[in-house]
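Dumped model-v4.tsv below, it's TSV, C-alpha atoms:
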```tsv
chain	number	residue	atom	x	y	z
A	1	MET	CA	13.21	48.96	89.23
A	2	ALA	CA	10.40	49.02	91.77
A	3	GLU	CA	9.84	52.72	91.08
A	4	GLU	CA	9.72	52.06	87.33
A	5	LEU	CA	7.11	49.34	87.76
A	6	TRP	CA	5.07	51.58	90.03
A	7	ASN	CA	5.12	54.42	87.49
A	8	HIS	CA	4.11	52.03	84.71
A	9	SER	CA	1.26	50.46	86.67
A	10	SER	CA	-0.05	53.81	87.91
A	11	LEU	CA	-0.01	55.42	84.43
A	12	SER	CA	-3.35	57.20	83.98
A	13	SER	CA	-2.62	60.23	81.79
A	14	PHE	CA	-0.12	61.94	79.51
A	15	ILE	CA	0.78	65.60	79.07
A	16	LEU	CA	0.39	67.03	75.57
A	17	ALA	CA	2.92	69.77	74.75
A	18	GLY	CA	0.38	71.27	72.35
A	19	LEU	CA	0.77	73.13	69.09
A	20	PHE	CA	0.78	76.71	70.37
A	21	GLY	CA	1.97	78.79	73.30
A	22	HIS	CA	0.09	81.87	74.49
A	23	SER	CA	1.70	84.71	72.56
A	24	PRO	CA	-0.41	87.02	70.30
A	25	TYR	CA	1.01	85.23	67.23
A	26	ASP	CA	0.00	81.87	68.62
A	27	SER	CA	-3.55	83.12	69.18
A	28	PHE	CA	-3.67	84.25	65.55
A	29	PHE	CA	-2.44	80.88	64.25
A	30	PHE	CA	-4.85	79.09	66.60
A	31	SER	CA	-7.69	81.11	65.01
A	32	LEU	CA	-6.53	79.99	61.55
A	33	VAL	CA	-6.54	76.35	62.68
A	34	LEU	CA	-10.07	76.74	64.05
A	35	LEU	CA	-11.22	78.29	60.75
A	36	ALA	CA	-9.64	75.43	58.80
A	37	PHE	CA	-11.27	72.91	61.16
A	38	GLY	CA	-14.66	74.58	60.75
A	39	ALA	CA	-14.26	74.60	56.97
A	40	ALA	CA	-13.31	70.91	56.99
A	41	VAL	CA	-16.32	69.93	59.13
A	42	VAL	CA	-18.84	72.06	57.24
A	43	GLY	CA	-17.45	71.11	53.82
A	44	ASN	CA	-17.48	67.37	54.46
A	45	ILE	CA	-20.92	67.36	56.12
A	46	LEU	CA	-22.34	69.41	53.24
A	47	PHE	CA	-20.76	67.02	50.75
A	48	LEU	CA	-22.31	64.04	52.55
A	49	MET	CA	-25.71	65.76	52.53
A	50	LEU	CA	-25.48	66.41	48.79
A	51	ILE	CA	-24.67	62.77	48.09
A	52	GLN	CA	-27.56	61.66	50.30
A	53	VAL	CA	-30.29	63.94	48.88
A	54	ASP	CA	-29.42	63.94	45.16
A	55	ARG	CA	-30.18	60.68	43.36
A	56	ARG	CA	-27.78	61.55	40.53
A	57	LEU	CA	-24.97	61.14	43.04
A	58	HIS	CA	-26.05	57.63	44.08
A	59	THR	CA	-23.21	56.01	42.14
A	60	PRO	CA	-20.17	53.94	43.20
A	61	MET	CA	-17.81	56.91	42.78
A	62	TYR	CA	-19.82	59.11	45.14
A	63	PHE	CA	-20.34	56.24	47.56
A	64	PHE	CA	-16.56	55.97	47.90
A	65	LEU	CA	-16.29	59.76	48.16
A	66	SER	CA	-18.80	59.68	51.03
A	67	GLN	CA	-16.51	57.19	52.79
A	68	LEU	CA	-13.58	59.54	52.22
A	69	SER	CA	-15.57	62.40	53.79
A	70	ILE	CA	-16.41	60.25	56.82
A	71	MET	CA	-12.71	59.41	57.19
A	72	ASP	CA	-11.74	63.09	56.97
A	73	LEU	CA	-14.33	64.03	59.57
A	74	THR	CA	-13.15	61.25	61.88
A	75	MET	CA	-9.52	62.29	61.52
A	76	THR	CA	-9.95	66.00	62.18
A	77	CYS	CA	-12.57	65.58	64.93
A	78	THR	CA	-10.33	63.11	66.76
A	79	VAL	CA	-7.46	65.60	67.00
A	80	VAL	CA	-8.54	69.24	66.82
A	81	PRO	CA	-11.25	69.50	69.55
A	82	LYS	CA	-8.89	68.15	72.25
A	83	MET	CA	-6.09	70.41	71.07
A	84	ALA	CA	-8.42	73.42	71.09
A	85	THR	CA	-9.85	72.57	74.52
A	86	ASN	CA	-6.36	72.32	76.03
A	87	PHE	CA	-5.28	75.61	74.46
A	88	LEU	CA	-8.36	77.52	75.65
A	89	SER	CA	-8.38	76.01	79.16
A	90	GLY	CA	-4.64	76.10	79.67
A	91	GLY	CA	-4.65	72.40	80.50
A	92	LYS	CA	-2.38	69.82	78.92
A	93	LEU	CA	-3.54	66.48	80.28
A	94	ILE	CA	-5.04	63.70	78.23
A	95	SER	CA	-6.27	60.51	79.87
A	96	LEU	CA	-4.87	57.12	79.01
A	97	GLY	CA	-8.17	56.20	77.37
A	98	GLY	CA	-8.25	59.47	75.43
A	99	CYS	CA	-4.70	58.89	74.22
A	100	ALA	CA	-5.48	55.33	73.15
A	101	SER	CA	-8.62	56.55	71.34
A	102	GLN	CA	-6.64	59.14	69.39
A	103	ILE	CA	-4.09	56.55	68.28
A	104	PHE	CA	-6.83	54.07	67.36
A	105	PHE	CA	-8.86	56.48	65.20
A	106	VAL	CA	-5.89	58.25	63.58
A	107	VAL	CA	-4.20	54.98	62.60
A	108	THR	CA	-7.51	53.42	61.50
A	109	VAL	CA	-8.36	56.33	59.24
A	110	GLY	CA	-4.80	56.70	57.96
A	111	GLY	CA	-4.64	53.05	56.90
A	112	ALA	CA	-8.22	52.93	55.60
A	113	GLU	CA	-7.65	56.01	53.44
A	114	CYS	CA	-4.64	54.34	51.77
A	115	PHE	CA	-6.79	51.39	50.76
A	116	LEU	CA	-9.80	53.53	49.82
A	117	LEU	CA	-7.78	55.70	47.43
A	118	ALA	CA	-6.65	52.50	45.70
A	119	VAL	CA	-10.28	51.32	45.55
A	120	MET	CA	-11.34	54.65	44.04
A	121	ALA	CA	-8.63	54.36	41.38
A	122	TYR	CA	-9.82	50.82	40.58
A	123	ASP	CA	-13.39	52.14	40.35
A	124	ARG	CA	-12.33	54.78	37.77
A	125	TYR	CA	-10.42	52.10	35.86
A	126	MET	CA	-13.53	49.91	35.66
A	127	ALA	CA	-15.77	52.87	34.72
A	128	VAL	CA	-13.52	54.11	31.90
A	129	CYS	CA	-12.10	50.85	30.56
A	130	TYR	CA	-15.20	48.63	30.92
A	131	PRO	CA	-18.20	51.02	30.76
A	132	LEU	CA	-20.72	48.37	29.63
A	133	ARG	CA	-19.81	45.89	32.36
A	134	TYR	CA	-19.24	48.56	35.01
A	135	PRO	CA	-22.78	48.54	36.56
A	136	VAL	CA	-22.58	44.76	37.01
A	137	LEU	CA	-18.99	44.58	38.25
A	138	MET	CA	-19.27	47.54	40.61
A	139	ASN	CA	-22.67	46.77	42.10
A	140	TRP	CA	-23.78	47.75	45.60
A	141	LYS	CA	-22.51	44.49	47.12
A	142	ALA	CA	-19.04	44.88	45.58
A	143	CYS	CA	-18.80	48.54	46.63
A	144	SER	CA	-19.84	47.74	50.20
A	145	PHE	CA	-17.28	44.93	50.40
A	146	LEU	CA	-14.43	47.14	49.13
A	147	ALA	CA	-15.32	49.99	51.50
A	148	THR	CA	-15.64	47.64	54.47
A	149	ALA	CA	-12.34	45.96	53.61
A	150	SER	CA	-10.65	49.39	53.57
A	151	TRP	CA	-11.96	50.21	57.04
A	152	MET	CA	-11.08	46.76	58.41
A	153	GLY	CA	-7.53	46.96	57.03
A	154	GLY	CA	-6.93	50.25	58.83
A	155	MET	CA	-8.62	48.99	61.99
A	156	ALA	CA	-6.49	45.84	62.15
A	157	ASP	CA	-3.33	47.96	62.01
A	158	SER	CA	-4.61	50.32	64.72
A	159	VAL	CA	-5.55	47.52	67.14
A	160	ILE	CA	-2.01	46.13	66.92
A	161	ASP	CA	-0.47	49.60	67.36
A	162	VAL	CA	-2.55	50.47	70.42
A	163	GLY	CA	-1.95	47.08	72.04
A	164	VAL	CA	1.82	47.19	71.57
A	165	VAL	CA	2.33	50.88	72.39
A	166	PHE	CA	0.62	50.56	75.76
A	167	SER	CA	2.47	47.34	76.59
A	168	PHE	CA	5.70	49.32	76.93
A	169	PRO	CA	6.66	50.83	80.31
A	170	TYR	CA	6.61	54.64	80.64
A	171	CYS	CA	8.69	55.46	83.67
A	172	GLY	CA	10.22	58.87	82.87
A	173	SER	CA	8.66	62.07	81.57
A	174	LEU	CA	5.06	61.70	80.41
A	175	GLU	CA	5.09	64.88	78.29
A	176	VAL	CA	4.27	64.02	74.69
A	177	ASP	CA	6.08	66.47	72.40
A	178	HIS	CA	3.09	66.74	70.07
A	179	PHE	CA	-0.43	68.19	69.97
A	180	PHE	CA	-2.06	64.75	70.01
A	181	CYS	CA	-1.11	61.17	70.84
A	182	GLU	CA	0.81	59.75	67.90
A	183	VAL	CA	2.70	56.46	68.05
A	184	PRO	CA	6.24	57.76	67.35
A	185	ALA	CA	5.83	60.59	69.90
A	186	LEU	CA	4.81	58.10	72.62
A	187	LEU	CA	7.56	55.64	71.83
A	188	ARG	CA	10.14	58.35	72.55
A	189	LEU	CA	8.90	58.38	76.17
A	190	SER	CA	9.22	54.66	76.79
A	191	CYS	CA	12.06	53.43	78.98
A	192	ALA	CA	12.16	50.11	77.09
A	193	ASP	CA	13.90	49.31	73.82
A	194	THR	CA	11.29	50.02	71.12
A	195	SER	CA	13.62	49.77	68.11
A	196	LEU	CA	12.20	46.43	66.89
A	197	PHE	CA	8.63	47.74	66.99
A	198	GLU	CA	9.72	50.98	65.26
A	199	ASP	CA	11.30	48.92	62.47
A	200	LEU	CA	8.09	46.90	62.20
A	201	ILE	CA	6.02	50.09	61.96
A	202	TYR	CA	8.32	51.37	59.23
A	203	ALA	CA	7.98	48.13	57.25
A	204	CYS	CA	4.18	48.13	57.63
A	205	CYS	CA	3.95	51.76	56.52
A	206	VAL	CA	6.04	51.05	53.43
A	207	VAL	CA	3.76	48.15	52.48
A	208	MET	CA	0.50	49.99	53.29
A	209	LEU	CA	1.58	53.04	51.32
A	210	LEU	CA	3.38	51.53	48.33
A	211	LEU	CA	1.01	48.63	47.53
A	212	PRO	CA	-2.08	50.89	47.20
A	213	LEU	CA	0.06	53.46	45.35
A	214	GLY	CA	1.04	50.72	42.90
A	215	VAL	CA	-2.65	49.94	42.29
A	216	ILE	CA	-3.35	53.66	41.77
A	217	VAL	CA	-0.50	54.12	39.27
A	218	ALA	CA	-1.40	50.95	37.33
A	219	SER	CA	-5.11	51.88	37.23
A	220	TYR	CA	-4.50	55.40	35.97
A	221	ALA	CA	-1.94	54.25	33.42
A	222	ARG	CA	-4.69	52.08	31.89
A	223	VAL	CA	-7.27	54.86	32.24
A	224	LEU	CA	-5.01	57.38	30.48
A	225	THR	CA	-4.33	54.94	27.63
A	226	THR	CA	-8.07	54.34	27.19
A	227	VAL	CA	-8.98	58.04	27.39
A	228	MET	CA	-6.44	58.97	24.70
A	229	ARG	CA	-8.17	56.53	22.33
A	230	MET	CA	-11.65	58.00	22.90
A	231	PRO	CA	-13.12	59.62	19.76
A	232	SER	CA	-15.34	62.00	21.74
A	233	THR	CA	-13.69	65.19	23.04
A	234	GLU	CA	-16.47	65.62	25.62
A	235	GLY	CA	-15.93	62.07	26.90
A	236	LYS	CA	-12.21	62.69	27.19
A	237	GLN	CA	-12.76	65.92	29.11
A	238	LYS	CA	-15.25	64.39	31.54
A	239	ALA	CA	-13.01	61.41	32.27
A	240	LEU	CA	-9.90	63.56	32.72
A	241	THR	CA	-11.71	66.04	34.99
A	242	THR	CA	-12.93	63.28	37.31
A	243	CYS	CA	-9.57	61.52	37.34
A	244	SER	CA	-7.58	64.72	37.89
A	245	SER	CA	-9.68	65.48	40.98
A	246	HIS	CA	-8.88	62.05	42.39
A	247	LEU	CA	-5.20	62.39	41.55
A	248	ALA	CA	-5.11	65.75	43.35
A	249	VAL	CA	-6.49	64.08	46.49
A	250	VAL	CA	-3.97	61.24	46.10
A	251	GLY	CA	-1.18	63.81	45.82
A	252	LEU	CA	-2.34	65.63	48.94
A	253	TYR	CA	-2.59	62.47	50.99
A	254	TYR	CA	0.52	60.66	49.79
A	255	GLY	CA	2.65	63.81	49.88
A	256	GLY	CA	2.18	64.10	53.64
A	257	ALA	CA	2.01	60.36	54.34
A	258	ILE	CA	5.23	59.44	52.54
A	259	PHE	CA	7.13	62.31	54.16
A	260	SER	CA	5.75	61.40	57.58
A	261	TYR	CA	5.76	57.60	57.68
A	262	MET	CA	8.47	56.51	55.24
A	263	GLN	CA	11.22	57.89	57.43
A	264	ARG	CA	13.23	55.88	59.89
A	265	ALA	CA	12.59	56.71	63.54
A	266	SER	CA	16.11	58.10	63.84
A	267	ALA	CA	15.37	60.64	61.09
A	268	ARG	CA	12.13	61.93	62.61
A	269	THR	CA	11.96	65.11	64.68
A	270	PRO	CA	9.11	66.47	66.87
A	271	LEU	CA	8.93	69.63	64.72
A	272	GLY	CA	8.70	67.60	61.51
A	273	ASP	CA	6.03	65.35	63.03
A	274	ARG	CA	3.94	68.37	63.99
A	275	ALA	CA	4.21	69.92	60.53
A	276	THR	CA	3.15	66.77	58.67
A	277	SER	CA	0.42	66.06	61.25
A	278	ILE	CA	-1.14	69.49	60.64
A	279	PHE	CA	-1.17	68.61	56.96
A	280	TYR	CA	-3.06	65.32	57.20
A	281	THR	CA	-5.30	66.11	60.22
A	282	ILE	CA	-6.44	69.62	59.22
A	283	VAL	CA	-5.34	70.73	55.73
A	284	THR	CA	-6.23	67.60	53.74
A	285	PRO	CA	-9.75	67.20	55.28
A	286	MET	CA	-10.40	70.86	54.44
A	287	PHE	CA	-9.33	70.63	50.78
A	288	ASN	CA	-10.77	67.22	49.79
A	289	PRO	CA	-14.43	68.32	49.49
A	290	LEU	CA	-13.34	71.50	47.66
A	291	ILE	CA	-11.29	69.53	45.12
A	292	TYR	CA	-14.24	67.28	44.28
A	293	SER	CA	-16.79	70.11	44.23
A	294	LEU	CA	-15.24	73.01	42.34
A	295	ARG	CA	-14.47	71.11	39.12
A	296	ASN	CA	-17.45	68.76	39.22
A	297	ARG	CA	-20.62	69.82	37.42
A	298	GLU	CA	-22.75	67.14	39.07
A	299	VAL	CA	-21.81	68.35	42.56
A	300	THR	CA	-22.22	72.07	41.75
A	301	SER	CA	-25.59	71.33	40.15
A	302	ALA	CA	-26.70	69.34	43.22
A	303	LEU	CA	-25.55	72.18	45.48
A	304	LYS	CA	-27.53	74.79	43.50
A	305	LYS	CA	-30.59	72.55	43.62
A	306	MET	CA	-30.31	72.13	47.41
A	307	LEU	CA	-29.81	75.86	47.96
A	308	GLU	CA	-32.92	76.58	45.85
A	309	ARG	CA	-34.92	74.21	48.06
A	310	TRP	CA	-33.74	76.14	51.10
A	311	GLY	CA	-34.79	79.43	49.43
A	312	MET	CA	-31.23	80.74	49.15
```

Rendering of file as structure tokens:
Amino acid sequence: MAEELWNHSSLSSFILAGLFGHSPYDSFFFSLVLLAFGAAVVGNILFLMLIQVDRRLHTPMYFFLSQLSIMDLTMTCTVVPKMATNFLSGGKLISLGGCASQIFFVVTVGGAECFLLAVMAYDRYMAVCYPLRYPVLMNWKACSFLATASWMGGMADSVIDVGVVFSFPYCGSLEVDHFFCEVPALLRLSCADTSLFEDLIYACCVVMLLLPLGVIVASYARVLTTVMRMPSTEGKQKALTTCSSHLAVVGLYYGGAIFSYMQRASARTPLGDRATSIFYTIVTPMFNPLIYSLRNREVTSALKKMLERWGM
């Protein structure tokens, strides 16, 4: 018992198992991850620049999209640089503060993105179903409140997670079987009974995923009904193009999130956690700006205009 308390009180770092070894194949896959990370960072920063410099994109929809880009940047930059540094240096340590920071930002962004996707669906519902009242209902003050509430909802969840996770004693192996500090991976190392907290996490994840998903489904059911009644073919096409882009992002996010977080702790495996984590920390941030850019005339037009200014 004394040794356990000493190990808990002297805890200063964890060991990350990492994502790759040091075989030629691992080096190749590491290069692919770096390329995907670079594409995610460049794509989201470019998207934010376009929204900032082009006045046509100063609308509620693009304001919320800018928040989504900031979330994607936060997520991928919290995880990948540390993983890459450890792989290149051969080190595996992460400090207690670094571990807590990763949990805080990953959980904050994960929760905030759930709420933001619901807000974006509500925004499309208001724009399509109440076009005349839309500028008044979705004014700058309302948009700022909804975006802030999304961030605060995710942050409240992360503060609780960090506080509880690091209240448990860690008196055995400190090797986290993951490439970053994630709550379920750390709980496996605790020498205390964490089953109650794991059940609480599961319940919170179900609520935080399914309630926003319910708002999204209800909003788009109304949007689809309204679009089908539109007399203008051009209006139908524009509305469906915008909504399909958002639904693609929802599918990407919820596909990984439901598979990852709506499983009981007993059903989770380190390999499965790694696979889904790659999806939402690297793949999704890379594809989100592409989804909203390739099929969006306003964004492609703004991009051409910016490139012309730069003489390209």

Atomic separation - atom CA of Gln102 of chain A relative to atom CA of Asn86 of chain A, Å: 14.8 Å

Radius query 12 Å about (1.6, 69.2, 61.0), atoms used: all atoms listed in the file, as a ChimeraX atom specification: /A:18-19,33,79-80,178-180,182,256-257,259-260,269-284

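For Gly110 of chain A, the set of protein, DNA and RNA residues having any atom at most 10 Å away, when counting only C-alpha atoms and skipping those fewer than 3 positions along the same chain, is Met71, Asp72, Met75, Phe104, Phe105, Val106, Val107, Glu113, Cys114, Phe115, Trp151, Gly154, Met155, Asp157, Ser158, Met208, Leu209, Tyr253, Ala257, Tyr280 and Thr281 of chain A.
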
Nearest candidate to Cys129 of chain A (options A:Pro285, A:Leu16, A:Val299, A:Leu224; using all atoms listed in the file): A:Leu224

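Distance check against Glu298 of chain A using only C-alpha atoms: of A:Met83, A:Cys77, A:Lys238, A:Asp123, the minimum falls on A:Lys238.
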
Between atom CA of Thr242 of chain A and atom CA of Ala39 of chain A - distance in Å to one decimal: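 Interatomic distance here is 22.7 Å.
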
Coordinates-based distance that separates atom CA of Val250 of chain A from atom CA of Lys141 of chain A (Å, one decimal):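 One can read the atom CA of Lys141 of chain A to atom CA of Val250 of chain A distance as 25.0 Å.
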
Spatial neighbours of segment 219-223 of chain A, 7 Å, all atoms listed in the file, chain gap at least 2 places, as JSON, numbers by chain: {"A": [121, 122, 125, 128, 129, 215, 216, 217, 225, 226, 227]}

Point (5.1, 58.5, 69.7), cut-off 12 Å, counting all atoms listed in the file, residues as a PyMOL selection string: chain A and resi 14+16+99-100+102-103+161-162+164-166+168+170+174-190+194+197-198+201+265+268-270+273-274

Can you build me a table of segment 176-249 of chain A residues sitting at most 12 Å from segment 55-61 of chain A, with the closest atom pair per residue and its distance in Å to one decimal, using all atoms listed in the file, sorted by chain and residue number, as JSON lines?
```
{"residue": "A:Thr242", "atom": "CA", "partner": "A:Met61", "partner_atom": "CA", "distance": 9.7}
{"residue": "A:Cys243", "atom": "CA", "partner": "A:Met61", "partner_atom": "CA", "distance": 10.9}
{"residue": "A:Ser245", "atom": "CA", "partner": "A:Met61", "partner_atom": "CA", "distance": 11.9}
{"residue": "A:His246", "atom": "CA", "partner": "A:Met61", "partner_atom": "CA", "distance": 10.3}
```

Counting only C-alpha atoms, the option among A:Met306, A:Ala147, A:Leu34, A:Val159 closest to Met120 of chain A: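 When distances to Met120 of chain A are compared using only C-alpha atoms, the smallest one comes from A:Ala147.
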